[in-house]
Amino acid sequence: MQGAAKRVVLETLGWLLVLGGVAALILPGPGLLMIVGGLALLSQQYEWAERRLDPVKKRALEAAADGVSSWPRILVSCFGSAVLIGLGVLWCVRPDAPGWWPAADRFWLLGGWGAGVSLIVSGLIALSLIVYSYRNFREIKANDPTP
């Protein structure tokens with residue numbers, strides 16, 4: 001019985017990560033990372049997930065290496081992370097709607113602190129991934145002879 005419960009939990013978490021990752025490809029968040037994590041969990045139960053894990057994992061690692069291939073990319077990525085964190089703080093503080101806001105005040109900064117915390121967490125995850133990529137892929141990309 002314990003094995004069945006573990007399987008249900010892992011499958012549920014895997015599917016949640018895959019679906020969240022697909023959403024995070026459009027919304028703020030580490031989409032490829034979530035998809036890789038979800039596929040890694042699902043690959044323990046399903047052969048199709050195992051087959052799809054390698055190409056997605058390869059693409060995620062390539063994107064990580066490309067993201068730290070030059071200083072302008074690193075700075076833009078860090079700036080984007082800082083913007084996410086700043087917006088999260090703004091959502092958490094939730095100042096009054098400005099005079100130029102065309103809709104009702106109740107539509108100003110929808111989501112409240114929940115949206116703010118998710119933006120802050122996404123920004124911190126992005127910063128940590130930039131540091132990880134820099135430490136692990138910067139030298140590899142710098143020494144890569146291919147254009």
# chains A, B, ... in the order shown; residues from 1 in each chain; ligands from 1
call {"tool": "residues_around", "arguments": {"residues": "Val89 (chain A)", "least_positions_apart": "5", "cutoff": "9 Å", "atoms": "only C-alpha atoms", "output": "number ranges by chain"}}
result
A: 84, 94, 113, 116-117, 119-120
call {"tool": "residues_around", "arguments": {"residues": "region 5-11 of chain A", "least_positions_apart": "2", "cutoff": "8 Å", "atoms": "only C-alpha atoms", "output": "mmCIF file with all heavy atoms, in the first residue's frame"}}
result
data_model
loop_
_atom_site.group_PDB
_atom_site.id
_atom_site.type_symbol
_atom_site.label_atom_id
_atom_site.label_comp_id
_atom_site.auth_asym_id
_atom_site.auth_seq_id
_atom_site.Cartn_x
_atom_site.Cartn_y
_atom_site.Cartn_z
ATOM 1 N N MET A 1 0.821 -1.211 0.000
ATOM 2 C CA MET A 1 0.000 0.000 0.000
ATOM 3 C C MET A 1 0.853 1.259 0.000
ATOM 4 O O MET A 1 0.522 2.226 -0.659
ATOM 5 C CB MET A 1 -0.930 -0.036 1.224
ATOM 6 C CG MET A 1 -1.864 1.125 1.318
ATOM 7 S SD MET A 1 -3.043 1.046 -0.036
ATOM 8 C CE MET A 1 -3.993 2.453 0.311
ATOM 9 N N GLN A 2 1.962 1.211 0.724
ATOM 10 C CA GLN A 2 2.829 2.379 0.808
ATOM 11 C C GLN A 2 3.417 2.713 -0.562
ATOM 12 O O GLN A 2 3.568 3.870 -0.915
ATOM 13 C CB GLN A 2 3.940 2.144 1.821
ATOM 14 C CG GLN A 2 4.799 3.361 2.056
ATOM 15 C CD GLN A 2 5.877 3.094 3.094
ATOM 16 O OE1 GLN A 2 6.047 1.983 3.558
ATOM 17 N NE2 GLN A 2 6.604 4.128 3.458
ATOM 18 N N GLY A 3 3.752 1.701 -1.369
ATOM 19 C CA GLY A 3 4.279 1.913 -2.714
ATOM 20 C C GLY A 3 3.277 2.611 -3.614
ATOM 21 O O GLY A 3 3.632 3.462 -4.420
ATOM 22 N N LEU A 13 2.827 15.157 -8.266
ATOM 23 C CA LEU A 13 3.839 16.220 -8.230
ATOM 24 C C LEU A 13 4.485 16.391 -9.601
ATOM 25 O O LEU A 13 4.712 17.520 -10.056
ATOM 26 C CB LEU A 13 4.900 15.895 -7.169
ATOM 27 C CG LEU A 13 5.974 16.952 -6.945
ATOM 28 C CD1 LEU A 13 5.356 18.281 -6.548
ATOM 29 C CD2 LEU A 13 6.941 16.480 -5.881
ATOM 30 N N GLY A 14 4.757 15.283 -10.283
ATOM 31 C CA GLY A 14 5.343 15.357 -11.621
ATOM 32 C C GLY A 14 4.456 16.104 -12.596
ATOM 33 O O GLY A 14 4.913 16.976 -13.337
ATOM 34 N N TRP A 15 3.166 15.751 -12.609
ATOM 35 C CA TRP A 15 2.234 16.436 -13.512
ATOM 36 C C TRP A 15 2.069 17.903 -13.140
ATOM 37 O O TRP A 15 1.962 18.763 -14.026
ATOM 38 C CB TRP A 15 0.886 15.730 -13.536
ATOM 39 C CG TRP A 15 0.908 14.517 -14.409
ATOM 40 C CD1 TRP A 15 0.813 13.219 -14.018
ATOM 41 C CD2 TRP A 15 1.063 14.486 -15.822
ATOM 42 N NE1 TRP A 15 0.901 12.381 -15.097
ATOM 43 C CE2 TRP A 15 1.053 13.134 -16.223
ATOM 44 C CE3 TRP A 15 1.218 15.467 -16.802
ATOM 45 C CZ2 TRP A 15 1.194 12.752 -17.554
ATOM 46 C CZ3 TRP A 15 1.345 15.080 -18.130
ATOM 47 C CH2 TRP A 15 1.339 13.742 -18.487
ATOM 48 N N LEU A 41 10.463 13.170 -12.507
ATOM 49 C CA LEU A 41 9.594 12.392 -11.608
ATOM 50 C C LEU A 41 8.738 11.404 -12.393
ATOM 51 O O LEU A 41 8.612 10.235 -12.005
ATOM 52 C CB LEU A 41 8.698 13.321 -10.791
ATOM 53 C CG LEU A 41 9.385 14.142 -9.709
ATOM 54 C CD1 LEU A 41 8.394 15.117 -9.080
ATOM 55 C CD2 LEU A 41 9.980 13.242 -8.651
ATOM 56 N N LEU A 42 8.181 11.857 -13.506
ATOM 57 C CA LEU A 42 7.317 10.979 -14.298
ATOM 58 C C LEU A 42 8.112 9.874 -14.989
ATOM 59 O O LEU A 42 7.571 8.799 -15.260
ATOM 60 C CB LEU A 42 6.538 11.794 -15.327
ATOM 61 C CG LEU A 42 5.474 12.740 -14.759
ATOM 62 C CD1 LEU A 42 4.903 13.628 -15.848
ATOM 63 C CD2 LEU A 42 4.375 11.954 -14.068
ATOM 64 N N GLN A 45 8.098 6.321 -13.703
ATOM 65 C CA GLN A 45 6.927 5.476 -13.914
ATOM 66 C C GLN A 45 6.618 5.225 -15.388
ATOM 67 O O GLN A 45 6.008 4.213 -15.713
ATOM 68 C CB GLN A 45 5.690 6.120 -13.265
ATOM 69 C CG GLN A 45 5.821 6.382 -11.789
ATOM 70 C CD GLN A 45 5.938 5.101 -10.994
ATOM 71 O OE1 GLN A 45 5.348 4.085 -11.341
ATOM 72 N NE2 GLN A 45 6.724 5.131 -9.934
#
call {"tool": "closest_residue", "arguments": {"among": "A:Ala49, A:Ala103, A:Cys78, A:Leu32", "to": "Ile130 (chain A)", "atoms": "only C-alpha atoms"}}
result
A:Cys78
call {"tool": "select_by_dssp", "arguments": {"residues": "chain A", "states": "helix (DSSP H, G or I)", "output": "ChimeraX atom specification"}}
result
/A:2-24,31-42,47-67,71-93,105-107,112-142
call {"tool": "closest_atom_pairs", "arguments": {"of": "region 104-146 of chain A", "to": "region 17-31 of chain A", "cutoff": "8 Å", "atoms": "only C-alpha atoms", "output": "JSON lines"}}
result
{"residue": "A:Leu119", "atom": "CA", "partner": "A:Pro28", "partner_atom": "CA", "distance": 7.1}
{"residue": "A:Ser122", "atom": "CA", "partner": "A:Gly29", "partner_atom": "CA", "distance": 5.1}
{"residue": "A:Gly123", "atom": "CA", "partner": "A:Gly29", "partner_atom": "CA", "distance": 7.7}
{"residue": "A:Ile125", "atom": "CA", "partner": "A:Pro30", "partner_atom": "CA", "distance": 7.4}
{"residue": "A:Ala126", "atom": "CA", "partner": "A:Pro30", "partner_atom": "CA", "distance": 7.0}
call {"tool": "write_last_selection", "arguments": {"atoms": "C-alpha atoms", "output": "compact mmCIF listing (two decimals), in the first residue's frame"}}
result
# COMPACT_ATOMS: atom_id res chain seq x y z
CA LEU A 119 7.26 37.13 -8.25
CA SER A 122 10.72 33.59 -9.23
CA GLY A 123 13.27 36.40 -9.23
CA ILE A 125 15.21 31.38 -8.41
CA ALA A 126 16.29 33.17 -11.59
call {"tool": "closest_residue", "arguments": {"among": "A:Leu90, A:Ser133, A:Trp100, A:Ser81", "to": "Val121 (chain A)", "atoms": "only C-alpha atoms"}}
result
A:Ser81
call {"tool": "atom_distance", "arguments": {"atom1": "CA of Ser43 (chain A)", "atom2": "CA of Lys58 (chain A)"}}
result
15.5 Å
call {"tool": "atom_distance", "arguments": {"atom1": "CA of Cys92 (chain A)", "atom2": "CA of Gly112 (chain A)"}}
result
6.2 Å
call {"tool": "residues_around", "arguments": {"residues": "Asp105 (chain A)", "least_positions_apart": "4", "cutoff": "8 Å", "atoms": "only C-alpha atoms", "output": "PDB file with C-alpha atoms, in the first residue's frame"}}
result
ATOM      1  CA  ASP A  96      -2.867  52.959  -3.637  1.00  0.00           C
ATOM      2  CA  ALA A  97      -3.810  53.023  -7.308  1.00  0.00           C
ATOM      3  CA  TRP A 101      -5.025  53.978 -13.500  1.00  0.00           C
TER       4      TRP A 101
END
